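Reviewing the structure listed below.
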Amino acid sequence: MWFWLALGSAVFAALTSILAKIGIEGVGSNLATAIRTMVVVVMAWGMVFLTHQQSGLKDISQKSWLFLILSGLATGASWLCYYRALQLGDASKVVPIDKLSVVITLVLAFVFLHEEFTAKSLIGCVLIGAGTLLMVL
């Protein structure tokens, strides 16, 4: 199941890039990010209420609150940078650079989460990095 959800995430992320590039024309990147964020907020809370998970708010630990808030700040910073980059550059060049997040995530997961970093992971990181360079040069 996780694979299909991850694949769905990739498809929707691709659509996000194309739709954003079209929609951001003539709109300030910060305003565009704020509009997008409001839509995401409404969708996310809609899913919380649709699945009756709102009662779980009281059970969230302080540690989880802290890291969810930090994750939200990182997401916001990422989106602000992403929309400005899309406004200034070609989607076909911005998106591959943005996807270097895969390589960065693998390294951070190894360092902070002590996840396995194998020869296969290293080869994948090198290939993603090389592919990114080929696409943006």
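Chain lettering (A, B, ...) mirrors the order of the structure tokens, residue numbering begins at 1 for each chain separately, and ligand numbering begins at 1 in order of display.
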Can I get the residues of stretch 53-125 of chain A within 9 Å of stretch 1-23 of chain A, each with the closest pair of atoms and their distance in Å to one decimal, using only C-alpha atoms, sorted chain first then ascending number, as CSV?
residue,atom,partner,partner_atom,distance
A:Tyr83,CA,A:Ala20,CA,7.6
A:Leu86,CA,A:Lys21,CA,6.1
A:Gln87,CA,A:Lys21,CA,6.9
A:Asp90,CA,A:Lys21,CA,8.4
A:Ala91,CA,A:Lys21,CA,6.8
A:Val95,CA,A:Ser17,CA,7.3
Serialized selection, N, CA and C atoms, as a PDB file, in the first residue's frame:
ATOM      1  N   TYR A  83       8.211  28.055  -5.000  1.00  0.00           N
ATOM      2  CA  TYR A  83       7.363  28.921  -5.828  1.00  0.00           C
ATOM      3  C   TYR A  83       8.159  30.080  -6.426  1.00  0.00           C
ATOM      4  N   LEU A  86      10.164  28.598  -9.229  1.00  0.00           N
ATOM      5  CA  LEU A  86       9.292  28.337 -10.377  1.00  0.00           C
ATOM      6  C   LEU A  86       8.965  29.622 -11.121  1.00  0.00           C
ATOM      7  N   GLN A  87       8.783  30.680 -10.368  1.00  0.00           N
ATOM      8  CA  GLN A  87       8.466  31.953 -10.990  1.00  0.00           C
ATOM      9  C   GLN A  87       9.643  32.472 -11.820  1.00  0.00           C
ATOM     10  N   ASP A  90      12.574  27.784 -15.384  1.00  0.00           N
ATOM     11  CA  ASP A  90      11.769  26.786 -16.086  1.00  0.00           C
ATOM     12  C   ASP A  90      11.434  25.636 -15.142  1.00  0.00           C
ATOM     13  N   ALA A  91      10.191  25.168 -15.206  1.00  0.00           N
ATOM     14  CA  ALA A  91       9.781  24.032 -14.387  1.00  0.00           C
ATOM     15  C   ALA A  91      10.670  22.819 -14.658  1.00  0.00           C
ATOM     16  N   VAL A  95      12.313  21.654 -11.055  1.00  0.00           N
ATOM     17  CA  VAL A  95      11.840  20.409 -10.440  1.00  0.00           C
ATOM     18  C   VAL A  95      12.968  19.399 -10.204  1.00  0.00           C
TER      19      VAL A  95
END
Neighbour list for stretch 31-44 of chain A as a PDB file with N, CA, C and O atoms, in the first residue's frame, cut-off 9 Å, only C-alpha atoms, skip fewer than 3 positions in-chain:
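Everything below was put into part09.pdb:
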ATOM      1  N   ALA A  20       1.226  24.875 -10.819  1.00  0.00           N
ATOM      2  CA  ALA A  20       1.772  26.061 -10.162  1.00  0.00           C
ATOM      3  C   ALA A  20       2.460  26.979 -11.159  1.00  0.00           C
ATOM      4  O   ALA A  20       2.288  28.200 -11.105  1.00  0.00           O
ATOM      5  N   GLY A  23      -0.237  28.756 -12.935  1.00  0.00           N
ATOM      6  CA  GLY A  23      -1.005  29.631 -12.050  1.00  0.00           C
ATOM      7  C   GLY A  23      -0.237  30.795 -11.472  1.00  0.00           C
ATOM      8  O   GLY A  23      -0.826  31.813 -11.102  1.00  0.00           O
ATOM      9  N   ILE A  24       1.072  30.684 -11.386  1.00  0.00           N
ATOM     10  CA  ILE A  24       1.861  31.727 -10.729  1.00  0.00           C
ATOM     11  C   ILE A  24       2.119  32.927 -11.638  1.00  0.00           C
ATOM     12  O   ILE A  24       2.558  33.979 -11.177  1.00  0.00           O
ATOM     13  N   VAL A  27       1.396  36.539 -10.536  1.00  0.00           N
ATOM     14  CA  VAL A  27       1.061  36.507  -9.107  1.00  0.00           C
ATOM     15  C   VAL A  27       2.376  36.452  -8.326  1.00  0.00           C
ATOM     16  O   VAL A  27       3.285  35.705  -8.694  1.00  0.00           O
ATOM     17  N   GLY A  28       2.474  37.212  -7.253  1.00  0.00           N
ATOM     18  CA  GLY A  28       3.660  37.155  -6.408  1.00  0.00           C
ATOM     19  C   GLY A  28       3.847  35.758  -5.843  1.00  0.00           C
ATOM     20  O   GLY A  28       2.867  35.099  -5.475  1.00  0.00           O
ATOM     21  N   MET A  47      -9.933  16.082   5.749  1.00  0.00           N
ATOM     22  CA  MET A  47      -9.646  14.650   5.907  1.00  0.00           C
ATOM     23  C   MET A  47      -9.652  14.233   7.372  1.00  0.00           C
ATOM     24  O   MET A  47     -10.097  13.134   7.706  1.00  0.00           O
ATOM     25  N   VAL A  48      -9.164  15.102   8.255  1.00  0.00           N
ATOM     26  CA  VAL A  48      -9.184  14.800   9.694  1.00  0.00           C
ATOM     27  C   VAL A  48     -10.619  14.577  10.149  1.00  0.00           C
ATOM     28  O   VAL A  48     -10.928  13.583  10.821  1.00  0.00           O
ATOM     29  N   PHE A  49     -11.512  15.491   9.769  1.00  0.00           N
ATOM     30  CA  PHE A  49     -12.910  15.367  10.204  1.00  0.00           C
ATOM     31  C   PHE A  49     -13.638  14.245   9.472  1.00  0.00           C
ATOM     32  O   PHE A  49     -14.452  13.545  10.067  1.00  0.00           O
ATOM     33  N   GLY A  76       6.990  25.026   4.881  1.00  0.00           N
ATOM     34  CA  GLY A  76       6.715  26.405   4.460  1.00  0.00           C
ATOM     35  C   GLY A  76       7.911  27.035   3.773  1.00  0.00           C
ATOM     36  O   GLY A  76       7.776  27.662   2.714  1.00  0.00           O
ATOM     37  N   TRP A  79       8.289  25.463   0.318  1.00  0.00           N
ATOM     38  CA  TRP A  79       7.284  25.953  -0.634  1.00  0.00           C
ATOM     39  C   TRP A  79       7.581  27.377  -1.082  1.00  0.00           C
ATOM     40  O   TRP A  79       7.408  27.718  -2.248  1.00  0.00           O
ATOM     41  N   LEU A  80       8.004  28.230  -0.143  1.00  0.00           N
ATOM     42  CA  LEU A  80       8.338  29.611  -0.507  1.00  0.00           C
ATOM     43  C   LEU A  80       9.501  29.639  -1.501  1.00  0.00           C
ATOM     44  O   LEU A  80       9.446  30.357  -2.505  1.00  0.00           O
ATOM     45  N   TYR A  82      10.424  27.152  -3.451  1.00  0.00           N
ATOM     46  CA  TYR A  82       9.994  26.445  -4.653  1.00  0.00           C
ATOM     47  C   TYR A  82       9.176  27.354  -5.576  1.00  0.00           C
ATOM     48  O   TYR A  82       9.418  27.424  -6.777  1.00  0.00           O
ATOM     49  N   TYR A  83       8.211  28.055  -5.000  1.00  0.00           N
ATOM     50  CA  TYR A  83       7.363  28.921  -5.828  1.00  0.00           C
ATOM     51  C   TYR A  83       8.159  30.080  -6.426  1.00  0.00           C
ATOM     52  O   TYR A  83       7.952  30.452  -7.578  1.00  0.00           O
ATOM     53  N   ARG A  84       9.086  30.617  -5.660  1.00  0.00           N
ATOM     54  CA  ARG A  84       9.913  31.704  -6.204  1.00  0.00           C
ATOM     55  C   ARG A  84      10.807  31.171  -7.320  1.00  0.00           C
ATOM     56  O   ARG A  84      10.950  31.803  -8.369  1.00  0.00           O
TER      57      ARG A  84
END
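Take atom CA of A:Leu68 and atom CA of A:Leu108: the distance between them is 16.9 Å.
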